file target-v1.cif (mmCIF, C-alpha atoms)
data_coords
#
loop_
_atom_site.label_atom_id
_atom_site.label_comp_id
_atom_site.auth_asym_id
_atom_site.auth_seq_id
_atom_site.Cartn_x
_atom_site.Cartn_y
_atom_site.Cartn_z
CA MET A 980 -292.72 -123.88 -70.69
CA ALA A 981 -290.44 -126.16 -68.73
CA VAL A 982 -287.11 -124.69 -67.65
CA ASN A 983 -284.06 -126.88 -68.16
CA ILE A 984 -280.87 -126.70 -66.16
CA LYS A 985 -279.11 -124.59 -68.82
CA GLU A 986 -281.69 -121.85 -68.17
CA LEU A 987 -280.91 -121.60 -64.47
CA PRO A 988 -278.25 -119.23 -63.11
CA VAL A 989 -274.87 -120.59 -62.12
CA PRO A 990 -274.49 -119.90 -58.38
CA GLY A 991 -272.20 -117.02 -57.56
CA VAL A 992 -272.04 -113.30 -56.91
CA ALA A 993 -275.34 -111.64 -57.79
CA LEU A 994 -275.45 -108.86 -60.36
CA THR A 995 -275.84 -105.48 -58.71
CA THR A 996 -278.47 -102.79 -59.09
CA LEU A 997 -276.85 -99.39 -59.45
CA ASP A 998 -277.69 -96.38 -57.35
CA GLY A 999 -279.38 -93.55 -59.20
CA SER A 1000 -282.81 -92.32 -60.12
CA LEU A 1001 -283.57 -95.24 -62.46
CA LYS A 1002 -282.21 -98.07 -60.28
CA LEU A 1003 -280.92 -99.94 -63.33
CA PRO A 1004 -279.04 -103.24 -63.20
CA THR A 1005 -275.33 -103.15 -63.99
CA ILE A 1006 -276.10 -105.13 -67.19
CA VAL A 1007 -279.02 -104.26 -69.48
CA PHE A 1008 -280.32 -106.79 -72.04
CA GLY A 1009 -279.85 -105.44 -75.57
CA ALA A 1010 -282.75 -106.85 -77.57
CA GLY A 1011 -281.50 -105.57 -80.91
CA THR A 1012 -280.45 -109.21 -81.34
CA PHE A 1013 -284.11 -110.06 -81.86
CA ALA A 1014 -283.85 -108.85 -85.45
CA ASN A 1015 -282.57 -110.16 -88.76
CA GLN A 1016 -279.43 -108.02 -88.64
CA TYR A 1017 -278.15 -110.54 -86.09
CA ASN A 1018 -280.32 -113.68 -86.26
CA SER A 1019 -282.31 -115.71 -88.77
CA ASP A 1020 -286.10 -116.02 -88.84
CA ALA A 1021 -285.74 -119.62 -87.68
CA HIS A 1022 -283.87 -118.47 -84.58
CA LEU A 1023 -286.31 -115.64 -83.85
CA GLU A 1024 -289.34 -117.92 -84.25
CA SER A 1025 -287.91 -120.62 -81.99
CA THR A 1026 -288.10 -120.82 -78.19
CA MET A 1027 -284.58 -119.38 -77.97
CA PRO A 1028 -285.66 -115.75 -77.30
CA ILE A 1029 -287.91 -116.65 -74.35
CA ARG A 1030 -285.27 -118.99 -72.92
CA THR A 1031 -282.64 -116.26 -73.21
CA VAL A 1032 -284.90 -113.62 -71.64
CA GLY A 1033 -285.89 -115.97 -68.82
CA LEU A 1034 -282.30 -116.76 -67.90
CA ALA A 1035 -281.34 -113.09 -67.99
CA LEU A 1036 -284.15 -112.20 -65.60
CA ARG A 1037 -283.15 -115.00 -63.23
CA TYR A 1038 -279.63 -113.59 -63.13
CA GLY A 1039 -280.97 -110.13 -62.28
CA ILE A 1040 -280.65 -108.57 -65.75
CA GLN A 1041 -284.00 -106.88 -65.31
CA ALA A 1042 -283.95 -104.12 -67.90
CA PHE A 1043 -284.39 -104.46 -71.67
CA ASP A 1044 -283.36 -102.13 -74.49
CA THR A 1045 -285.17 -102.35 -77.82
CA SER A 1046 -286.51 -100.14 -80.64
CA VAL A 1047 -289.19 -99.99 -83.29
CA TYR A 1048 -286.25 -99.89 -85.73
CA TYR A 1049 -285.18 -103.39 -84.69
CA GLY A 1050 -287.77 -105.15 -86.83
CA PRO A 1051 -289.70 -107.72 -84.77
CA SER A 1052 -287.70 -107.10 -81.58
CA GLU A 1053 -290.47 -105.37 -79.62
CA VAL A 1054 -292.98 -108.06 -80.56
CA ILE A 1055 -290.65 -110.95 -79.70
CA LEU A 1056 -289.61 -109.36 -76.42
CA GLY A 1057 -293.22 -108.57 -75.50
CA LYS A 1058 -294.30 -112.17 -76.14
CA ALA A 1059 -291.40 -113.56 -74.12
CA LEU A 1060 -292.17 -111.34 -71.15
CA GLN A 1061 -295.84 -112.30 -71.29
CA GLU A 1062 -294.87 -115.97 -71.19
CA LEU A 1063 -292.78 -115.24 -68.11
CA LYS A 1064 -295.25 -112.93 -66.33
CA ASP A 1065 -296.10 -115.39 -63.55
CA GLU A 1066 -292.43 -115.65 -62.61
CA PHE A 1067 -291.58 -112.02 -63.44
CA PRO A 1068 -294.46 -109.52 -63.22
CA ARG A 1069 -294.23 -106.20 -65.04
CA SER A 1070 -293.06 -104.39 -61.92
CA SER A 1071 -289.94 -106.56 -61.74
CA TYR A 1072 -288.22 -105.22 -64.88
CA GLN A 1073 -287.77 -102.06 -66.95
CA LEU A 1074 -288.59 -101.59 -70.62
CA MET A 1075 -286.58 -99.11 -72.68
CA THR A 1076 -287.37 -98.46 -76.33
CA LYS A 1077 -286.71 -95.88 -79.04
CA CYS A 1078 -288.72 -93.94 -81.58
CA GLY A 1079 -288.17 -91.79 -84.65
CA ARG A 1080 -286.12 -94.24 -86.74
CA PHE A 1081 -287.89 -96.79 -88.92
CA GLY A 1082 -285.28 -97.87 -91.47
CA PRO A 1083 -281.63 -97.33 -92.40
CA LEU A 1084 -282.46 -93.89 -93.79
CA ASP A 1085 -286.10 -93.61 -92.72
CA PHE A 1086 -286.57 -91.04 -89.95
CA ASP A 1087 -289.71 -89.24 -88.85
CA TYR A 1088 -289.49 -87.00 -85.80
CA THR A 1089 -292.80 -85.21 -86.29
CA PRO A 1090 -294.70 -85.02 -82.99
CA SER A 1091 -297.69 -86.99 -84.34
CA ARG A 1092 -295.45 -89.84 -85.53
CA ILE A 1093 -293.56 -89.85 -82.23
CA ARG A 1094 -296.84 -90.19 -80.33
CA ASP A 1095 -298.20 -92.88 -82.65
CA THR A 1096 -294.96 -94.84 -82.42
CA VAL A 1097 -294.88 -94.80 -78.64
CA LYS A 1098 -298.47 -96.05 -78.51
CA ARG A 1099 -297.59 -98.78 -81.00
CA SER A 1100 -294.62 -99.80 -78.86
CA LEU A 1101 -296.93 -100.10 -75.85
CA GLU A 1102 -299.05 -102.55 -77.84
CA ARG A 1103 -296.11 -104.52 -79.22
CA LEU A 1104 -294.49 -104.83 -75.80
CA GLN A 1105 -297.87 -105.62 -74.20
CA THR A 1106 -297.56 -103.02 -71.45
CA VAL A 1107 -299.41 -99.91 -70.27
CA TYR A 1108 -296.28 -97.86 -69.63
CA LEU A 1109 -292.67 -97.64 -70.74
CA ASP A 1110 -289.82 -96.97 -68.35
CA THR A 1111 -287.74 -95.12 -70.95
CA VAL A 1112 -288.26 -93.86 -74.49
CA TYR A 1113 -285.42 -92.34 -76.50
CA LEU A 1114 -285.27 -90.40 -79.73
CA HIS A 1115 -283.31 -92.87 -81.86
CA ASP A 1116 -280.02 -91.88 -83.54
CA VAL A 1117 -280.43 -88.13 -83.29
CA GLU A 1118 -277.36 -87.39 -85.43
CA PHE A 1119 -279.34 -88.26 -88.57
CA VAL A 1120 -282.01 -85.64 -87.83
CA CYS A 1121 -280.31 -82.73 -86.05
CA THR A 1122 -278.44 -79.98 -87.84
CA PRO A 1123 -274.97 -81.43 -88.57
CA VAL A 1124 -272.18 -79.61 -86.74
CA ALA A 1125 -268.71 -81.16 -86.90
CA PRO A 1126 -265.38 -80.30 -88.55
CA ARG A 1127 -265.07 -83.80 -90.07
CA PRO A 1128 -267.22 -86.93 -90.39
CA SER A 1129 -264.78 -89.42 -88.86
CA GLY A 1130 -261.68 -89.69 -86.70
CA SER A 1131 -261.03 -88.70 -83.10
CA ASN A 1132 -263.57 -86.28 -81.64
CA LEU A 1133 -261.81 -85.56 -78.34
CA GLY A 1134 -260.96 -82.11 -79.68
CA ALA A 1135 -264.63 -81.26 -79.10
CA LEU A 1136 -263.81 -81.06 -75.38
CA ALA A 1137 -260.87 -78.72 -75.98
CA GLU A 1138 -259.53 -76.64 -78.86
CA GLU A 1139 -262.25 -77.65 -81.34
CA SER A 1140 -265.25 -76.99 -79.09
CA ALA A 1141 -266.54 -74.11 -81.26
CA ALA A 1142 -266.37 -76.26 -84.41
CA TYR A 1143 -268.63 -78.81 -82.72
CA GLY A 1144 -271.07 -76.17 -81.42
CA LEU A 1145 -269.88 -76.70 -77.86
CA ALA A 1146 -268.28 -73.34 -77.03
CA GLU A 1147 -269.35 -71.61 -73.84
CA GLY A 1148 -272.36 -69.44 -74.63
CA ASP A 1149 -273.55 -71.58 -77.56
CA GLU A 1150 -275.60 -74.00 -75.44
CA GLY A 1151 -279.04 -72.67 -76.34
CA LYS A 1152 -278.41 -71.97 -80.03
CA ILE A 1153 -280.69 -73.66 -82.56
CA LEU A 1154 -278.36 -74.13 -85.51
CA GLY A 1155 -280.88 -75.16 -88.14
CA GLU A 1156 -284.11 -76.93 -89.04
CA GLY A 1157 -282.80 -80.27 -87.78
CA ASP A 1158 -282.24 -78.94 -84.28
CA GLN A 1159 -285.81 -77.68 -84.16
CA LYS A 1160 -287.06 -81.13 -85.18
CA ILE A 1161 -285.19 -82.59 -82.21
CA LEU A 1162 -286.73 -80.05 -79.83
CA ASP A 1163 -290.25 -80.61 -81.18
CA ALA A 1164 -289.95 -84.38 -80.92
CA TYR A 1165 -288.51 -84.16 -77.43
CA ALA A 1166 -291.36 -81.86 -76.39
CA GLU A 1167 -293.83 -84.53 -77.53
CA LEU A 1168 -292.01 -87.14 -75.47
CA ARG A 1169 -292.30 -84.79 -72.51
CA LYS A 1170 -296.07 -84.64 -73.03
CA LEU A 1171 -296.24 -88.44 -73.08
CA GLN A 1172 -294.21 -88.43 -69.88
CA GLU A 1173 -296.65 -86.00 -68.25
CA GLU A 1174 -299.51 -88.29 -69.31
CA GLY A 1175 -297.88 -91.20 -67.48
CA LEU A 1176 -297.23 -93.36 -70.55
CA VAL A 1177 -293.47 -92.91 -70.27
CA LYS A 1178 -291.38 -92.53 -67.09
CA ASN A 1179 -288.07 -91.29 -68.52
CA ILE A 1180 -287.17 -89.66 -71.84
CA GLY A 1181 -283.87 -89.27 -73.60
CA ILE A 1182 -281.76 -89.45 -76.74
CA THR A 1183 -279.41 -91.96 -78.35
CA GLY A 1184 -276.76 -91.70 -81.01
CA TYR A 1185 -273.22 -92.49 -82.09
CA PRO A 1186 -271.25 -89.20 -82.19
CA LEU A 1187 -270.56 -88.13 -78.61
CA PRO A 1188 -270.15 -84.40 -79.43
CA THR A 1189 -273.62 -84.45 -80.98
CA LEU A 1190 -275.15 -86.07 -77.90
CA LEU A 1191 -273.51 -83.46 -75.68
CA ARG A 1192 -274.56 -80.54 -77.90
CA LEU A 1193 -278.18 -81.67 -78.04
CA ALA A 1194 -278.31 -82.37 -74.31
CA LEU A 1195 -277.12 -78.81 -73.71
CA LEU A 1196 -279.62 -77.45 -76.23
CA ILE A 1197 -282.52 -79.22 -74.50
CA LEU A 1198 -281.32 -78.01 -71.09
CA HIS A 1199 -281.13 -74.40 -72.30
CA THR A 1200 -284.53 -74.44 -74.06
CA PRO A 1201 -287.81 -73.92 -72.13
CA PRO A 1202 -288.82 -75.54 -69.80
CA PHE A 1203 -285.06 -75.71 -69.08
CA LYS A 1204 -285.08 -79.29 -67.83
CA PRO A 1205 -282.17 -81.70 -68.36
CA VAL A 1206 -282.37 -84.86 -70.42
CA ASP A 1207 -283.33 -87.80 -68.20
CA ILE A 1208 -281.19 -90.41 -69.92
CA ILE A 1209 -278.69 -90.80 -72.77
CA LEU A 1210 -277.52 -94.01 -74.43
CA SER A 1211 -274.15 -93.95 -76.18
CA TYR A 1212 -272.95 -96.92 -78.18
CA SER A 1213 -269.60 -98.22 -79.43
CA HIS A 1214 -267.69 -95.57 -77.46
CA LEU A 1215 -266.74 -97.60 -74.42
CA THR A 1216 -264.88 -100.44 -76.09
CA LEU A 1217 -261.37 -101.79 -76.48
CA GLN A 1218 -261.08 -99.82 -79.72
CA ASN A 1219 -262.72 -96.59 -78.62
CA ASP A 1220 -263.31 -95.56 -75.01
CA THR A 1221 -263.85 -91.81 -75.46
CA PHE A 1222 -267.13 -92.13 -73.55
CA ILE A 1223 -264.92 -91.96 -70.44
CA GLN A 1224 -263.86 -88.40 -71.34
CA PHE A 1225 -267.34 -87.24 -72.41
CA ALA A 1226 -269.28 -88.69 -69.46
CA PRO A 1227 -268.29 -85.97 -66.95
CA GLU A 1228 -269.36 -83.26 -69.41
CA LEU A 1229 -272.70 -84.95 -69.98
CA ARG A 1230 -273.31 -85.29 -66.25
CA GLU A 1231 -271.93 -82.00 -64.96
CA ARG A 1232 -272.36 -79.52 -67.80
CA ALA A 1233 -275.53 -80.94 -69.38
CA LYS A 1234 -276.95 -82.29 -66.06
CA VAL A 1235 -278.01 -85.59 -67.67
CA LYS A 1236 -279.44 -87.80 -64.93
CA GLN A 1237 -278.49 -91.23 -66.30
CA LEU A 1238 -275.96 -92.46 -68.86
CA LEU A 1239 -275.80 -95.90 -70.48
CA ALA A 1240 -272.99 -97.38 -72.56
CA ALA A 1241 -274.01 -99.89 -75.20
CA SER A 1242 -272.40 -102.34 -77.61
CA PRO A 1243 -269.14 -103.53 -76.02
CA PHE A 1244 -268.50 -105.48 -79.23
CA SER A 1245 -269.05 -102.31 -81.27
CA MET A 1246 -271.98 -103.75 -83.25
CA GLY A 1247 -270.08 -106.95 -83.93
CA LEU A 1248 -266.84 -105.28 -85.03
CA LEU A 1249 -264.87 -106.77 -82.14
CA THR A 1250 -265.72 -110.35 -83.02
CA SER A 1251 -264.21 -113.03 -85.21
CA SER A 1252 -266.54 -112.11 -88.08
CA PRO A 1253 -267.78 -108.49 -88.20
CA PRO A 1254 -271.10 -108.21 -90.06
CA PRO A 1255 -270.78 -107.14 -93.71
CA TRP A 1256 -273.02 -104.09 -93.13
CA HIS A 1257 -270.78 -102.65 -90.40
CA PRO A 1258 -269.88 -98.99 -91.17
CA ALA A 1259 -266.21 -99.28 -90.13
CA PRO A 1260 -263.82 -98.94 -93.09
CA ALA A 1261 -262.20 -102.05 -94.56
CA GLU A 1262 -258.79 -101.05 -93.21
CA MET A 1263 -260.17 -100.94 -89.68
CA LYS A 1264 -261.77 -104.37 -90.07
CA ALA A 1265 -258.37 -105.69 -91.19
CA VAL A 1266 -256.83 -104.38 -87.95
CA VAL A 1267 -259.53 -106.21 -85.98
CA LYS A 1268 -258.45 -109.47 -87.64
CA VAL A 1269 -254.92 -108.90 -86.39
CA ALA A 1270 -256.18 -108.22 -82.86
CA ALA A 1271 -258.55 -111.19 -82.86
CA GLY A 1272 -255.83 -113.79 -82.27
CA VAL A 1273 -254.16 -112.14 -79.29
CA TRP A 1274 -256.33 -113.47 -76.41
CA PRO A 1275 -256.86 -117.24 -76.03
CA ASP A 1276 -260.51 -116.82 -74.99
CA GLY A 1277 -261.23 -114.71 -78.05
CA LEU A 1278 -261.60 -111.01 -78.79
CA PRO A 1279 -265.29 -110.82 -77.70
CA ASN A 1280 -264.36 -112.13 -74.24
CA LEU A 1281 -261.54 -109.58 -73.92
CA ALA A 1282 -263.74 -106.75 -75.20
CA LEU A 1283 -266.59 -107.61 -72.85
CA GLY A 1284 -264.29 -107.65 -69.84
CA TYR A 1285 -262.84 -104.26 -70.76
CA ALA A 1286 -266.29 -102.68 -71.08
CA ILE A 1287 -267.52 -104.25 -67.83
CA ARG A 1288 -264.49 -102.98 -65.92
CA ASN A 1289 -265.19 -99.45 -67.15
CA THR A 1290 -268.93 -99.35 -66.46
CA GLY A 1291 -271.10 -100.22 -63.46
CA SER A 1292 -270.28 -98.37 -60.27
CA VAL A 1293 -266.75 -97.63 -61.51
CA ARG A 1294 -267.85 -95.08 -64.12
CA GLY A 1295 -270.53 -93.04 -62.38
CA LYS A 1296 -273.14 -95.77 -62.03
CA THR A 1297 -273.24 -96.48 -65.77
CA PRO A 1298 -275.01 -99.68 -66.91
CA LEU A 1299 -273.67 -101.62 -69.88
CA VAL A 1300 -276.11 -102.71 -72.59
CA VAL A 1301 -275.12 -106.12 -73.96
CA GLY A 1302 -276.90 -107.99 -76.75
CA PHE A 1303 -277.85 -111.61 -76.14
CA SER A 1304 -279.07 -114.23 -78.60
CA THR A 1305 -278.74 -117.42 -76.55
CA PRO A 1306 -278.66 -118.55 -72.91
CA GLU A 1307 -274.99 -119.43 -73.39
CA GLU A 1308 -274.20 -115.79 -74.13
CA VAL A 1309 -275.99 -114.73 -70.94
CA HIS A 1310 -274.01 -117.25 -68.89
CA GLU A 1311 -270.76 -116.05 -70.47
CA CYS A 1312 -271.54 -112.40 -69.78
CA VAL A 1313 -272.29 -113.07 -66.13
CA ARG A 1314 -269.16 -115.22 -65.84
CA VAL A 1315 -267.02 -112.38 -67.18
CA TRP A 1316 -268.85 -109.83 -65.00
CA ARG A 1317 -268.06 -111.91 -61.92
CA GLU A 1318 -264.43 -112.24 -62.97
CA MET A 1319 -264.18 -108.47 -63.40
CA GLN A 1320 -265.43 -107.71 -59.89
CA ASP A 1321 -261.84 -108.23 -58.79
CA GLY A 1322 -260.52 -106.28 -61.75
CA GLY A 1323 -259.59 -109.28 -63.87
CA SER A 1324 -256.25 -111.01 -64.19
CA GLU A 1325 -253.00 -109.22 -64.91
CA ASP A 1326 -252.74 -111.23 -68.14
CA ARG A 1327 -256.11 -109.87 -69.22
CA LYS A 1328 -255.10 -106.27 -68.47
CA LYS A 1329 -251.79 -106.71 -70.28
CA THR A 1330 -253.53 -108.15 -73.33
CA GLU A 1331 -256.03 -105.30 -73.38
CA GLY A 1332 -253.04 -102.98 -73.62
CA VAL A 1333 -251.59 -105.04 -76.47
CA VAL A 1334 -254.85 -104.84 -78.44
CA ARG A 1335 -255.21 -101.12 -77.85
CA ASP A 1336 -251.62 -100.67 -79.01
CA ILE A 1337 -252.48 -102.53 -82.23
CA PHE A 1338 -255.31 -100.10 -82.87
CA SER A 1339 -253.11 -97.14 -81.93
CA LYS A 1340 -250.29 -98.06 -84.31
CA ALA A 1341 -252.82 -98.45 -87.13
CA GLY A 1342 -254.32 -95.03 -86.37
CA TYR A 1343 -257.68 -96.40 -85.22
CA LEU A 1344 -257.54 -96.09 -81.43
CA ASN A 1345 -260.39 -93.82 -80.25
CA TRP A 1346 -261.32 -93.35 -83.90
CA SER A 1347 -265.03 -92.92 -84.69
CA TRP A 1348 -266.39 -93.90 -88.09
CA ALA A 1349 -268.71 -91.69 -90.11
CA SER A 1350 -272.41 -92.27 -89.64
CA PRO A 1351 -273.62 -93.77 -92.93
CA GLN A 1352 -275.74 -91.38 -94.97
#

call {"tool": "encode", "arguments": {"input": "target-v1.cif", "output": "structure tokens"}}
result
Amino acid sequence: MAVNIKELPVPGVALTTLDGSLKLPTIVFGAGTFANQYNSDAHLESTMPIRTVGLALRYGIQAFDTSVYYGPSEVILGKALQELKDEFPRSSYQLMTKCGRFGPLDFDYTPSRIRDTVKRSLERLQTVYLDTVYLHDVEFVCTPVAPRPSGSNLGALAEESAAYGLAEGDEGKILGEGDQKILDAYAELRKLQEEGLVKNIGITGYPLPTLLRLALLILHTPPFKPVDIILSYSHLTLQNDTFIQFAPELRERAKVKQLLAASPFSMGLLTSSPPPWHPAPAEMKAVVKVAAGVWPDGLPNLALGYAIRNTGSVRGKTPLVVGFSTPEEVHECVRVWREMQDGGSEDRKKTEGVVRDIFSKAGYLNWSWASPQ
């Protein structure tokens, strides 16, 4: 397919590859956009996905995050990468996918289903190995341990640690049937890793205390090896940046080798039109509308810059996963990334503070919503 000028990188500072065991780029392509939650069938069936993927690769965004849960995402991404294989062979990028979640409330962490799903992902992505496979949204499967379903969870790192199952001495405790399901599924991923089908294995989820508790549980369960990689989403944003407080605990206490922060727009919340299915309460969405008019380039631009400034080499070599639907969005992300290499303008920093103050006064700064049941 011919490449037009809009699918070529704008000259400038090249995106960096971060130090660390995985050698990930500072920006990872979030391919959850290749699903109907974000785009129509007409868009997904057009040439737009391959053009978007091609431009991202040319910029150096050479890692892709997807999931079996994201409808046709794996298939669309696999086809796009096959179309681009002469320009970008398999060794030039990393593929990261997830297993265990199949629908909004459809989870199956049985070892046989985990194995079958990984093999299916290999077929859909048209590859013989996967760089990373996560257990998807572990909070829906593990034994629930939390004093409340929503609100600030920073108390988990202090006076409420016991209520979250994070007290010293509790690291290896299996607190119920759900925890055992996590351990069994993770053990199956480890087998797939030993067989060479998967290079790195990890977990994803929304509640940070749950990710920390399960990482500690895995570390303190035979064979006593740390989690390779954890993806946290919607917790390094303008509205909620508590990932910054939890990251040292995940790295130092749980010995997690690699962390990723995803969804700088908080699944579309920090945009001009949050999706109707978004789990944030209506009052919180109303606050977003107030914040949306503060920055002349728009709330998504401001939110992206804030997340970029707080990831990369600044926050312990943490890549940022950003969803892209069009080449224009890739160009915009790289433009903002380049701007942020000098920290961004003082006006930008001041406006970030204004937006965070809006959330704070409304009671929603660093506030986590309840995972929908």

call {"tool": "residues_around", "arguments": {"input": "target-v1.cif", "residues": "Asp1095 (chain A)", "least_positions_apart": "5", "cutoff": "12 Å", "atoms": "only C-alpha atoms", "output": "list of chain:residue names"}}
result
A:Val1047, A:Cys1078, A:Gly1079, A:Asp1087, A:Tyr1088, A:Thr1089, A:Pro1090, A:Ser1100, A:Leu1101, A:Glu1102, A:Ala1164, A:Glu1167, A:Leu1168, A:Leu1171

call {"tool": "write_last_selection", "arguments": {"input": "target-v1.cif", "atoms": "C-alpha atoms", "output": "CSV table (one decimal), in the frame of the given file"}}
result
chain,number,residue,atom,x,y,z
A,1047,VAL,CA,-289.2,-100.0,-83.3
A,1078,CYS,CA,-288.7,-93.9,-81.6
A,1079,GLY,CA,-288.2,-91.8,-84.6
A,1087,ASP,CA,-289.7,-89.2,-88.8
A,1088,TYR,CA,-289.5,-87.0,-85.8
A,1089,THR,CA,-292.8,-85.2,-86.3
A,1090,PRO,CA,-294.7,-85.0,-83.0
A,1100,SER,CA,-294.6,-99.8,-78.9
A,1101,LEU,CA,-296.9,-100.1,-75.8
A,1102,GLU,CA,-299.0,-102.6,-77.8
A,1164,ALA,CA,-290.0,-84.4,-80.9
A,1167,GLU,CA,-293.8,-84.5,-77.5
A,1168,LEU,CA,-292.0,-87.1,-75.5
A,1171,LEU,CA,-296.2,-88.4,-73.1

call {"tool": "resolve_selection", "arguments": {"input": "target-v1.cif", "expression": "the PyMOL selection byres ((chain A and resi 1120) around 12)", "output": "PDB file with C-alpha atoms, in the coordinates of the input"}}
result
ATOM      1  CA  GLY A1079    -288.170 -91.790 -84.650  1.00  0.00           C
ATOM      2  CA  ARG A1080    -286.120 -94.240 -86.740  1.00  0.00           C
ATOM      3  CA  LEU A1084    -282.460 -93.890 -93.790  1.00  0.00           C
ATOM      4  CA  ASP A1085    -286.100 -93.610 -92.720  1.00  0.00           C
ATOM      5  CA  PHE A1086    -286.570 -91.040 -89.950  1.00  0.00           C
ATOM      6  CA  ASP A1087    -289.710 -89.240 -88.850  1.00  0.00           C
ATOM      7  CA  TYR A1088    -289.490 -87.000 -85.800  1.00  0.00           C
ATOM      8  CA  THR A1089    -292.800 -85.210 -86.290  1.00  0.00           C
ATOM      9  CA  LEU A1114    -285.270 -90.400 -79.730  1.00  0.00           C
ATOM     10  CA  HIS A1115    -283.310 -92.870 -81.860  1.00  0.00           C
ATOM     11  CA  ASP A1116    -280.020 -91.880 -83.540  1.00  0.00           C
ATOM     12  CA  VAL A1117    -280.430 -88.130 -83.290  1.00  0.00           C
ATOM     13  CA  GLU A1118    -277.360 -87.390 -85.430  1.00  0.00           C
ATOM     14  CA  PHE A1119    -279.340 -88.260 -88.570  1.00  0.00           C
ATOM     15  CA  CYS A1121    -280.310 -82.730 -86.050  1.00  0.00           C
ATOM     16  CA  THR A1122    -278.440 -79.980 -87.840  1.00  0.00           C
ATOM     17  CA  PRO A1123    -274.970 -81.430 -88.570  1.00  0.00           C
ATOM     18  CA  VAL A1124    -272.180 -79.610 -86.740  1.00  0.00           C
ATOM     19  CA  GLY A1155    -280.880 -75.160 -88.140  1.00  0.00           C
ATOM     20  CA  GLU A1156    -284.110 -76.930 -89.040  1.00  0.00           C
ATOM     21  CA  GLY A1157    -282.800 -80.270 -87.780  1.00  0.00           C
ATOM     22  CA  ASP A1158    -282.240 -78.940 -84.280  1.00  0.00           C
ATOM     23  CA  GLN A1159    -285.810 -77.680 -84.160  1.00  0.00           C
ATOM     24  CA  LYS A1160    -287.060 -81.130 -85.180  1.00  0.00           C
ATOM     25  CA  ILE A1161    -285.190 -82.590 -82.210  1.00  0.00           C
ATOM     26  CA  LEU A1162    -286.730 -80.050 -79.830  1.00  0.00           C
ATOM     27  CA  ASP A1163    -290.250 -80.610 -81.180  1.00  0.00           C
ATOM     28  CA  ALA A1164    -289.950 -84.380 -80.920  1.00  0.00           C
ATOM     29  CA  ILE A1182    -281.760 -89.450 -76.740  1.00  0.00           C
ATOM     30  CA  THR A1183    -279.410 -91.960 -78.350  1.00  0.00           C
ATOM     31  CA  GLY A1184    -276.760 -91.700 -81.010  1.00  0.00           C
ATOM     32  CA  THR A1189    -273.620 -84.450 -80.980  1.00  0.00           C
ATOM     33  CA  LEU A1193    -278.180 -81.670 -78.040  1.00  0.00           C
ATOM     34  CA  SER A1350    -272.410 -92.270 -89.640  1.00  0.00           C
ATOM     35  CA  GLN A1352    -275.740 -91.380 -94.970  1.00  0.00           C
TER      36      GLN A1352
END

call {"tool": "resolve_selection", "arguments": {"input": "target-v1.cif", "expression": "the PyMOL selection byres ((chain A and resi 1074) around 6)", "output": "list in words"}}
result
Ala1042, Phe1043, Gln1073, Met1075, Leu1109 and Asp1110 of chain A

call {"tool": "resolve_selection", "arguments": {"input": "target-v1.cif", "expression": "the PyMOL selection byres ((chain A and resi 1332) around 12)", "output": "list in words"}}
result
Leu1217, Gln1218, Ala1270, Val1273, Trp1274, Leu1281, Ala1282, Tyr1285, Glu1325, Asp1326, Arg1327, Lys1328, Lys1329, Thr1330, Glu1331, Val1333, Val1334, Arg1335, Asp1336, Ile1337, Phe1338, Ser1339 and Leu1344 of chain A

call {"tool": "residues_around", "arguments": {"input": "target-v1.cif", "residues": "His1214 (chain A)", "least_positions_apart": "6", "cutoff": "9 Å", "atoms": "all atoms listed in the file", "output": "list in words"}}
result
Tyr1185, Pro1186, Leu1187, Asp1220, Thr1221, Phe1222, Ile1223, Ala1240, Ala1241, Ser1242, Pro1243, Ser1245, Asn1345 and Ser1347 of chain A

call {"tool": "closest_residue", "arguments": {"input": "target-v1.cif", "among": "A:Lys1077, A:Lys1152, A:Arg1192, A:His1310", "to": "Phe1225 (chain A)", "atoms": "only C-alpha atoms"}}
result
A:Arg1192

call {"tool": "closest_residue", "arguments": {"input": "target-v1.cif", "among": "A:Pro1083, A:Gly1011, A:Pro1260, A:Gly1247", "to": "Leu1056 (chain A)", "atoms": "only C-alpha atoms"}}
result
A:Gly1011

call {"tool": "closest_residue", "arguments": {"input": "target-v1.cif", "among": "A:Gly1134, A:Pro1253, A:Gly1295, A:Pro1201", "to": "Arg1230 (chain A)", "atoms": "only C-alpha atoms"}}
result
A:Gly1295

call {"tool": "residues_near_point", "arguments": {"input": "target-v1.cif", "point": "(-281.4, -83.5, -65.9)", "cutoff": "7 Å", "atoms": "only C-alpha atoms", "output": "ChimeraX atom specification"}}
result
/A:1204-1207,1234-1236

call {"tool": "write_last_selection", "arguments": {"input": "target-v1.cif", "atoms": "C-alpha atoms", "output": "mmCIF file, in the frame of the given file"}}
result
data_model
loop_
_atom_site.group_PDB
_atom_site.id
_atom_site.type_symbol
_atom_site.label_atom_id
_atom_site.label_comp_id
_atom_site.auth_asym_id
_atom_site.auth_seq_id
_atom_site.Cartn_x
_atom_site.Cartn_y
_atom_site.Cartn_z
ATOM 1 C CA LYS A 1204 -285.080 -79.290 -67.830
ATOM 2 C CA PRO A 1205 -282.170 -81.700 -68.360
ATOM 3 C CA VAL A 1206 -282.370 -84.860 -70.420
ATOM 4 C CA ASP A 1207 -283.330 -87.800 -68.200
ATOM 5 C CA LYS A 1234 -276.950 -82.290 -66.060
ATOM 6 C CA VAL A 1235 -278.010 -85.590 -67.670
ATOM 7 C CA LYS A 1236 -279.440 -87.800 -64.930
#

call {"tool": "closest_residue", "arguments": {"input": "target-v1.cif", "among": "A:Ile1093, A:Val1315, A:Ala1059, A:Val1300", "to": "Phe1081 (chain A)", "atoms": "all atoms listed in the file"}}
result
A:Ile1093
